[in-house]
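For reference, my_file.cif (mmCIF, C-alpha atoms and all ligand atoms):
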```
data_model
#
loop_
_atom_site.label_atom_id
_atom_site.label_comp_id
_atom_site.auth_asym_id
_atom_site.auth_seq_id
_atom_site.Cartn_x
_atom_site.Cartn_y
_atom_site.Cartn_z
CA MET A 136 110.59 98.92 66.36
CA ALA A 137 109.85 102.49 65.39
CA SER A 138 110.21 103.79 68.91
CA PHE A 139 113.46 101.90 69.42
CA ALA A 140 115.02 103.53 66.35
CA TYR A 141 113.76 106.88 67.53
CA CYS A 142 115.49 106.40 70.83
CA LEU A 143 118.80 105.44 69.26
CA LEU A 144 118.66 108.66 67.28
CA LEU A 145 118.28 110.70 70.42
CA PHE A 146 121.59 109.72 71.93
CA PRO A 147 123.90 111.90 69.85
CA LEU A 148 121.51 114.84 70.09
CA LEU A 149 121.30 114.71 73.84
CA GLY A 150 125.03 114.38 74.31
CA SER A 151 126.30 113.94 77.83
CA PHE A 152 123.63 116.00 79.50
CA LEU A 153 121.18 113.19 80.00
CA MET A 154 120.49 109.62 79.26
CA ALA A 155 117.74 108.55 76.90
CA ALA A 156 116.77 105.01 77.70
CA CYS A 157 114.34 103.00 75.68
CA GLY A 158 112.43 99.89 75.37
CA ASN A 159 114.32 96.97 76.63
CA PHE A 160 113.09 95.56 79.92
CA ASN A 161 116.03 93.18 80.25
CA GLN A 162 118.41 96.10 80.09
CA HIS A 163 116.60 98.53 82.38
CA PHE A 164 114.56 96.52 84.89
CA ASP A 165 114.86 93.73 87.44
CA ILE A 166 112.04 91.51 88.53
CA LYS A 167 111.98 91.86 92.30
CA TRP A 168 109.33 89.51 93.59
CA GLY A 169 106.50 87.17 92.70
CA ASP A 170 108.30 83.86 92.23
CA GLY A 171 107.91 83.60 88.45
CA ARG A 172 104.70 85.64 88.22
CA ALA A 173 106.51 88.57 86.59
CA LYS A 174 107.87 87.85 83.12
CA ILE A 175 109.98 89.66 80.56
CA LEU A 176 108.95 88.49 77.08
CA ASN A 177 109.62 89.09 73.37
CA ASN A 178 113.35 89.81 73.80
CA GLY A 179 112.66 92.45 76.42
CA GLU A 180 109.91 94.33 74.60
CA LEU A 181 107.09 93.22 76.87
CA LEU A 182 106.76 92.72 80.61
CA THR A 183 103.81 91.13 82.37
CA LEU A 184 102.91 91.03 86.05
CA SER A 185 100.44 88.57 87.47
CA LEU A 186 98.54 88.02 90.66
CA ASP A 187 96.90 84.93 92.08
CA LYS A 188 95.69 83.98 95.52
CA ALA A 189 99.19 83.06 96.68
CA SER A 190 101.08 86.17 95.53
CA GLY A 191 101.33 89.26 93.38
CA SER A 192 104.52 90.34 91.61
CA GLY A 193 106.68 93.37 90.96
CA PHE A 194 109.67 94.88 89.20
CA GLU A 195 111.92 97.91 89.55
CA SER A 196 114.38 99.86 87.44
CA LYS A 197 118.08 99.12 87.63
CA ASN A 198 118.78 102.85 87.49
CA GLU A 199 117.97 105.52 90.01
CA TYR A 200 116.85 108.83 88.52
CA LEU A 201 116.97 112.37 89.81
CA PHE A 202 114.54 114.17 87.47
CA GLY A 203 113.26 112.86 84.20
CA ASN A 204 110.52 112.58 81.66
CA ILE A 205 109.43 108.98 81.86
CA ASP A 206 106.87 107.21 79.70
CA MET A 207 105.49 103.72 80.11
CA GLN A 208 102.66 102.01 78.28
CA LEU A 209 100.37 99.88 80.43
CA LYS A 210 97.47 97.61 79.65
CA LEU A 211 95.59 96.88 82.85
CA VAL A 212 93.96 93.73 84.22
CA PRO A 213 90.84 93.14 82.08
CA GLY A 214 87.43 91.81 83.04
CA ASN A 215 86.62 91.55 86.72
CA SER A 216 89.67 93.22 88.26
CA ALA A 217 87.92 94.30 91.46
CA GLY A 218 90.23 94.21 94.48
CA THR A 219 93.41 94.34 92.41
CA VAL A 220 95.80 97.28 92.40
CA THR A 221 98.42 97.95 89.77
CA ALA A 222 100.90 100.45 91.17
CA TYR A 223 103.39 102.26 88.94
CA TYR A 224 105.56 104.80 90.73
CA LEU A 225 108.89 106.45 91.43
CA LYS A 226 110.29 106.06 94.93
CA SER A 227 113.46 106.69 96.87
CA PRO A 228 114.53 104.40 99.75
CA GLY A 229 114.61 105.24 103.46
CA THR A 230 112.23 106.57 106.10
CA THR A 231 111.97 110.10 104.71
CA TRP A 232 111.45 108.98 101.16
CA ASP A 233 110.10 110.81 98.12
CA GLU A 234 107.53 109.19 95.88
CA ILE A 235 105.43 109.96 92.81
CA ASP A 236 102.51 107.55 92.36
CA PHE A 237 100.15 106.22 89.79
CA GLU A 238 97.88 103.48 91.18
CA PHE A 239 95.17 101.79 89.18
CA LEU A 240 92.31 100.44 91.27
CA GLY A 241 90.44 97.62 89.53
CA ASN A 242 86.69 97.14 89.31
CA LEU A 243 83.92 94.78 88.29
CA SER A 244 83.60 94.21 84.52
CA GLY A 245 82.21 97.33 82.91
CA ASP A 246 82.71 99.52 85.99
CA PRO A 247 85.41 102.16 85.84
CA TYR A 248 88.94 101.84 87.14
CA ILE A 249 90.12 104.62 89.41
CA LEU A 250 93.47 106.22 88.64
CA HIS A 251 94.84 107.30 92.00
CA THR A 252 97.80 109.73 92.18
CA ASN A 253 99.89 110.93 95.10
CA VAL A 254 103.13 112.75 95.84
CA PHE A 255 105.32 112.12 98.89
CA SER A 256 108.03 114.51 100.00
CA GLN A 257 110.38 113.44 102.79
CA GLY A 258 108.04 110.65 103.85
CA LYS A 259 104.84 112.72 103.86
CA GLY A 260 102.07 112.11 101.37
CA ASN A 261 98.40 113.02 101.86
CA LYS A 262 98.22 114.69 98.47
CA GLU A 263 95.84 112.37 96.68
CA GLN A 264 93.95 113.12 93.52
CA GLN A 265 91.81 110.49 91.80
CA PHE A 266 90.38 110.24 88.31
CA TYR A 267 88.25 108.15 86.05
CA LEU A 268 89.71 107.64 82.59
CA TRP A 269 88.07 108.65 79.31
CA PHE A 270 88.76 105.20 77.76
CA ASP A 271 88.86 101.56 78.81
CA PRO A 272 92.42 101.09 80.13
CA THR A 273 92.16 97.31 79.76
CA ALA A 274 91.32 97.24 76.04
CA ASP A 275 94.68 98.49 74.84
CA PHE A 276 98.01 99.96 75.89
CA HIS A 277 98.01 103.63 76.94
CA THR A 278 100.94 105.87 77.83
CA TYR A 279 101.31 107.03 81.43
CA SER A 280 103.98 109.70 81.92
CA ILE A 281 105.72 111.41 84.77
CA LEU A 282 107.52 114.65 84.00
CA TRP A 283 109.63 115.48 87.03
CA ASN A 284 111.85 118.54 86.99
CA PRO A 285 112.98 120.92 89.75
CA GLN A 286 109.92 123.16 89.31
CA ARG A 287 107.05 120.70 88.90
CA ILE A 288 105.71 117.20 88.54
CA ILE A 289 103.24 116.63 85.71
CA PHE A 290 101.24 113.40 85.46
CA SER A 291 99.98 112.71 81.93
CA VAL A 292 97.88 110.08 80.20
CA ASP A 293 98.38 109.69 76.44
CA GLY A 294 99.97 113.12 76.42
CA THR A 295 97.07 114.78 78.24
CA PRO A 296 98.15 116.28 81.58
CA ILE A 297 95.87 115.18 84.42
CA ARG A 298 97.72 116.69 87.36
CA GLU A 299 100.41 119.24 88.05
CA PHE A 300 102.21 119.38 91.41
CA LYS A 301 104.27 122.55 91.54
CA ASN A 302 107.32 123.23 93.61
CA SER A 303 105.94 125.35 96.47
CA GLU A 304 109.06 125.41 98.61
CA SER A 305 108.66 129.18 98.83
CA MET A 306 105.49 128.44 100.86
CA GLY A 307 107.33 125.96 103.06
CA VAL A 308 106.10 122.84 101.26
CA PRO A 309 108.83 120.23 100.73
CA PHE A 310 109.33 119.22 97.09
CA PRO A 311 111.00 116.00 95.93
CA LYS A 312 114.27 117.17 94.48
CA ASN A 313 117.16 115.80 96.52
CA GLN A 314 116.56 112.06 96.52
CA ALA A 315 117.03 109.82 93.50
CA MET A 316 114.19 107.43 92.80
CA ARG A 317 113.75 104.10 91.10
CA ILE A 318 110.80 103.18 88.92
CA HIS A 319 108.72 100.50 90.65
CA SER A 320 105.65 98.58 89.65
CA SER A 321 103.61 95.88 91.29
CA LEU A 322 100.32 94.05 90.98
CA TRP A 323 98.79 93.02 94.29
CA ASN A 324 95.61 92.28 96.16
CA ALA A 325 94.11 95.21 98.05
CA ASP A 326 90.51 94.11 98.33
CA ASP A 327 90.31 95.52 101.85
CA TRP A 328 90.15 99.06 100.36
CA ALA A 329 90.60 99.27 96.58
CA THR A 330 87.16 98.78 95.05
CA ARG A 331 84.27 100.85 96.34
CA GLY A 332 86.27 101.34 99.50
CA GLY A 333 86.68 97.58 100.09
CA LEU A 334 83.04 96.55 99.52
CA VAL A 335 83.87 94.50 96.41
CA LYS A 336 86.31 91.66 97.01
CA THR A 337 88.71 89.96 94.60
CA ASP A 338 87.07 87.06 92.75
CA TRP A 339 89.86 84.48 92.83
CA THR A 340 88.04 82.26 90.33
CA GLN A 341 89.20 84.88 87.76
CA ALA A 342 92.91 84.49 88.69
CA PRO A 343 95.57 84.82 87.48
CA PHE A 344 95.15 88.56 86.90
CA THR A 345 97.65 90.06 84.44
CA ALA A 346 98.83 93.57 83.59
CA SER A 347 101.25 94.31 80.71
CA TYR A 348 103.95 96.91 80.06
CA ARG A 349 105.77 98.03 76.94
CA ASN A 350 107.58 100.99 75.30
CA PHE A 351 109.41 102.31 78.34
CA LYS A 352 111.15 105.56 77.50
CA ALA A 353 113.14 107.75 79.87
CA ASP A 354 114.75 111.07 79.11
CA ALA A 355 116.22 111.31 82.54
CA CYS A 356 119.15 112.15 84.76
CA VAL A 357 120.62 108.90 86.01
CA TRP A 358 122.01 109.05 89.53
CA SER A 359 124.93 106.78 90.30
CA ASN A 360 127.81 106.83 92.77
CA GLY A 361 126.63 110.15 94.15
CA ALA A 362 126.62 111.95 90.81
CA SER A 363 124.06 112.82 88.19
CA SER A 364 124.49 112.13 84.50
CA CYS A 365 123.14 115.65 84.07
CA SER A 366 125.67 117.56 86.11
CA SER A 367 128.60 117.34 83.71
CA ASN A 368 127.10 120.16 81.65
CA SER A 369 124.94 122.92 82.98
CA PRO A 370 121.38 122.12 81.94
CA SER A 371 121.02 123.58 78.51
CA SER A 372 117.54 124.23 77.25
CA THR A 373 118.34 123.14 73.71
CA THR A 374 119.10 119.58 74.75
CA SER A 375 116.64 119.20 77.58
CA THR A 376 113.32 120.91 77.13
CA TRP A 377 111.77 118.66 79.77
CA PHE A 378 114.15 119.94 82.46
CA SER A 379 112.44 123.33 82.48
CA GLN A 380 109.18 122.37 80.79
CA LYS A 381 105.89 123.82 81.98
CA LEU A 382 102.34 123.53 80.73
CA ASP A 383 101.62 125.72 77.73
CA SER A 384 98.14 127.19 77.30
CA THR A 385 96.89 124.24 75.22
CA SER A 386 98.04 121.81 77.89
CA GLN A 387 96.46 123.93 80.60
CA GLU A 388 93.14 123.72 78.78
CA LYS A 389 93.47 119.94 78.58
CA LEU A 390 94.32 119.74 82.27
CA LYS A 391 91.21 121.77 83.06
CA TRP A 392 89.11 119.48 80.87
CA VAL A 393 90.31 116.41 82.79
CA GLN A 394 89.88 118.06 86.17
CA ASN A 395 86.37 119.26 85.33
CA ASN A 396 85.16 116.01 83.81
CA TYR A 397 87.15 113.11 85.25
CA MET A 398 88.50 114.10 88.66
CA ILE A 399 86.63 112.31 91.43
CA TYR A 400 88.73 113.22 94.46
CA ASN A 401 90.99 116.14 95.24
CA TYR A 402 92.67 116.50 98.63
CA CYS A 403 92.76 120.25 98.05
CA THR A 404 88.97 120.48 98.32
CA ASP A 405 88.61 118.02 101.22
CA SER A 406 88.25 120.59 103.97
CA LYS A 407 86.87 118.02 106.45
CA ARG A 408 90.14 116.21 106.27
CA PHE A 409 92.21 119.30 107.00
CA PRO A 410 90.42 121.12 109.83
CA GLN A 411 93.57 123.15 110.45
CA GLY A 412 93.38 124.43 106.87
CA ILE A 413 93.87 123.18 103.33
CA PRO A 414 97.56 122.44 102.54
CA ALA A 415 99.48 125.54 101.43
CA GLU A 416 100.38 124.28 97.96
CA CYS A 417 96.67 124.08 97.10
CA ASN A 418 96.57 127.87 97.01
CA ALA A 419 99.49 128.18 94.61
CA SER A 420 98.30 129.36 91.21
C1 LIG A 501 83.85 100.98 90.56
O1 LIG A 501 82.55 101.19 90.10
C2 LIG A 501 81.72 101.86 91.03
C3 LIG A 501 80.31 101.91 90.43
O2 LIG A 501 80.33 102.57 89.19
C4 LIG A 501 82.29 103.26 91.27
O3 LIG A 501 81.52 103.93 92.26
C5 LIG A 501 83.74 103.17 91.73
O4 LIG A 501 84.30 104.46 91.80
C6 LIG A 501 84.52 102.35 90.71
N1 LIG A 501 85.95 102.21 90.98
C7 LIG A 501 86.50 101.71 92.09
C8 LIG A 501 87.96 101.46 92.05
O5 LIG A 501 85.88 101.45 93.11
#
```
Representation of the structure as structure tokens:
Amino acid sequence: MASFAYCLLLFPLLGSFLMAACGNFNQHFDIKWGDGRAKILNNGELLTLSLDKASGSGFESKNEYLFGNIDMQLKLVPGNSAGTVTAYYLKSPGTTWDEIDFEFLGNLSGDPYILHTNVFSQGKGNKEQQFYLWFDPTADFHTYSILWNPQRIIFSVDGTPIREFKNSESMGVPFPKNQAMRIHSSLWNADDWATRGGLVKTDWTQAPFTASYRNFKADACVWSNGASSCSSNSPSSTTSTWFSQKLDSTSQEKLKWVQNNYMIYNYCTDSKRFPQGIPAECNAS
């Protein structure tokens, strides 16, 4: 309830520059697939996805967004979740799509989930970074955030930045900034690759597998009928700190802490994979 009231308060402050959307899954999301396996509960405060041998399930946002600061709380599949993948991402349609990904790769009980991240620009990805988490993501809800503005994309977990993808268009690297994206999420079986590279298969005796969502919050520019809710005023820094936000020195320290202690894969250091040279954006400071 507290976060809902907080969101209502934001509306007059933010004025027409952007839309602050909160909480209610009925209002902001559609269940897209899974034949009853995805459920909106508690008057729209909670959403659950489930997976069994026959099918997974998924939902997406009603709105399309072009830039935003988007929070969602997730509680992942507990116990033996090996083989399951919970994907939570922004994506535009089409064959040269843009995409910003969180994917949670399940594991045997007591073994760590992998948080996989990626960024696609104009249909090209290959920018993976993977992390372990510093807590058990199945024991409670945690906040996963995507800050997406014209200069950078920042992935955060409980307010701690884990990855920054900067706009490196000046180096010829496409950056997602022209295509509006919807929020998508799905729970599905990927036991051909997800856990220890596909060695550990889904144990269907544990089905159904369930992941839960709550406290959606978007300070974002909604794109509809070819126009942005943000374009009526020029972006003013007083109403929209996220639109030009960057990491301050405290956040940069936190990012370093995560990268030093929890990062398990970084495409930027995978020189075998890029014999023609590490991607240009990796050298941006
Ligand atoms: C699962 O646990 C194993 C053993 O600790 C680990 O190597 C692996 O990275 C973990 N995560 C996934 C998704 O495979």
Report as a PDB file with C-alpha atoms, in the coordinates of the input which protein, DNA and RNA residues come within 12 Å of ligand LIG 501 (chain A), using all atoms listed in the file.
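The new file result27.pdb reads:
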```pdb
ATOM      1  CA  ASN A 215      86.620  91.550  86.720  1.00  0.00           C
ATOM      2  CA  SER A 216      89.670  93.220  88.260  1.00  0.00           C
ATOM      3  CA  ALA A 217      87.920  94.300  91.460  1.00  0.00           C
ATOM      4  CA  GLY A 218      90.230  94.210  94.480  1.00  0.00           C
ATOM      5  CA  THR A 219      93.410  94.340  92.410  1.00  0.00           C
ATOM      6  CA  VAL A 220      95.800  97.280  92.400  1.00  0.00           C
ATOM      7  CA  THR A 221      98.420  97.950  89.770  1.00  0.00           C
ATOM      8  CA  GLU A 238      97.880 103.480  91.180  1.00  0.00           C
ATOM      9  CA  PHE A 239      95.170 101.790  89.180  1.00  0.00           C
ATOM     10  CA  LEU A 240      92.310 100.440  91.270  1.00  0.00           C
ATOM     11  CA  GLY A 241      90.440  97.620  89.530  1.00  0.00           C
ATOM     12  CA  ASN A 242      86.690  97.140  89.310  1.00  0.00           C
ATOM     13  CA  LEU A 243      83.920  94.780  88.290  1.00  0.00           C
ATOM     14  CA  SER A 244      83.600  94.210  84.520  1.00  0.00           C
ATOM     15  CA  GLY A 245      82.210  97.330  82.910  1.00  0.00           C
ATOM     16  CA  ASP A 246      82.710  99.520  85.990  1.00  0.00           C
ATOM     17  CA  PRO A 247      85.410 102.160  85.840  1.00  0.00           C
ATOM     18  CA  TYR A 248      88.940 101.840  87.140  1.00  0.00           C
ATOM     19  CA  ILE A 249      90.120 104.620  89.410  1.00  0.00           C
ATOM     20  CA  LEU A 250      93.470 106.220  88.640  1.00  0.00           C
ATOM     21  CA  HIS A 251      94.840 107.300  92.000  1.00  0.00           C
ATOM     22  CA  GLN A 265      91.810 110.490  91.800  1.00  0.00           C
ATOM     23  CA  PHE A 266      90.380 110.240  88.310  1.00  0.00           C
ATOM     24  CA  TYR A 267      88.250 108.150  86.050  1.00  0.00           C
ATOM     25  CA  LEU A 268      89.710 107.640  82.590  1.00  0.00           C
ATOM     26  CA  ALA A 325      94.110  95.210  98.050  1.00  0.00           C
ATOM     27  CA  ASP A 326      90.510  94.110  98.330  1.00  0.00           C
ATOM     28  CA  ASP A 327      90.310  95.520 101.850  1.00  0.00           C
ATOM     29  CA  TRP A 328      90.150  99.060 100.360  1.00  0.00           C
ATOM     30  CA  ALA A 329      90.600  99.270  96.580  1.00  0.00           C
ATOM     31  CA  THR A 330      87.160  98.780  95.050  1.00  0.00           C
ATOM     32  CA  ARG A 331      84.270 100.850  96.340  1.00  0.00           C
ATOM     33  CA  GLY A 332      86.270 101.340  99.500  1.00  0.00           C
ATOM     34  CA  GLY A 333      86.680  97.580 100.090  1.00  0.00           C
ATOM     35  CA  LEU A 334      83.040  96.550  99.520  1.00  0.00           C
ATOM     36  CA  VAL A 335      83.870  94.500  96.410  1.00  0.00           C
ATOM     37  CA  LYS A 336      86.310  91.660  97.010  1.00  0.00           C
ATOM     38  CA  THR A 337      88.710  89.960  94.600  1.00  0.00           C
ATOM     39  CA  TYR A 397      87.150 113.110  85.250  1.00  0.00           C
ATOM     40  CA  MET A 398      88.500 114.100  88.660  1.00  0.00           C
ATOM     41  CA  ILE A 399      86.630 112.310  91.430  1.00  0.00           C
ATOM     42  CA  TYR A 400      88.730 113.220  94.460  1.00  0.00           C
TER      43      TYR A 400
END
```
Work out how far atom CA of Asp236 of chain A is from atom CA of Val254 of chain A, in Å to one decimal.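 Spanning atom CA of Val254 of chain A to atom CA of Asp236 of chain A is a straight-line distance of 6.3 Å.
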I'd like a table as a tab-separated table: residues in segment 157-238 of chain A with an atom no more than 12 Å from segment 293-312 of chain A, each row giving the shortest atom pair and its distance in Å to one decimal, all atoms listed in the file counted, sorted by chain and rising residue number.
```
residue	atom	partner	partner_atom	distance
A:Tyr200	CA	A:Lys312	CA	10.6
A:Leu201	CA	A:Lys312	CA	7.2
A:Phe202	CA	A:Lys312	CA	7.6
A:Gly203	CA	A:Lys312	CA	11.2
A:Asn204	CA	A:Gly294	CA	11.8
A:Ile205	CA	A:Gly294	CA	11.7
A:Asp206	CA	A:Asp293	CA	9.4
A:Met207	CA	A:Asp293	CA	10.0
A:Gln208	CA	A:Asp293	CA	9.0
A:Leu209	CA	A:Asp293	CA	10.8
A:Leu225	CA	A:Pro311	CA	10.8
A:Lys226	CA	A:Pro311	CA	10.0
A:Ser227	CA	A:Pro311	CA	9.7
A:Thr231	CA	A:Pro311	CA	10.6
A:Trp232	CA	A:Pro311	CA	8.8
A:Asp233	CA	A:Pro311	CA	5.7
A:Glu234	CA	A:Pro311	CA	7.6
A:Ile235	CA	A:Pro311	CA	8.8
A:Asp236	CA	A:Arg298	CA	11.5
A:Phe237	CA	A:Arg298	CA	11.0
```
Considering all atoms listed in the file, can you say which of A:Trp323, A:Phe270, A:Phe276, A:Tyr223 comes closest to Asn253 of chain A?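 Smallest separation from Asn253 of chain A among the options: A:Tyr223.
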For each of A:Thr252, A:Thr345, A:Gln380, A:Ser364, take the minimum atom-to-atom distance to Ser321 of chain A, counting all atoms listed in the file, then give the residue where this is smallest.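 Looking only at the distances to Ser321 of chain A, the closest residue turns out to be A:Thr345.
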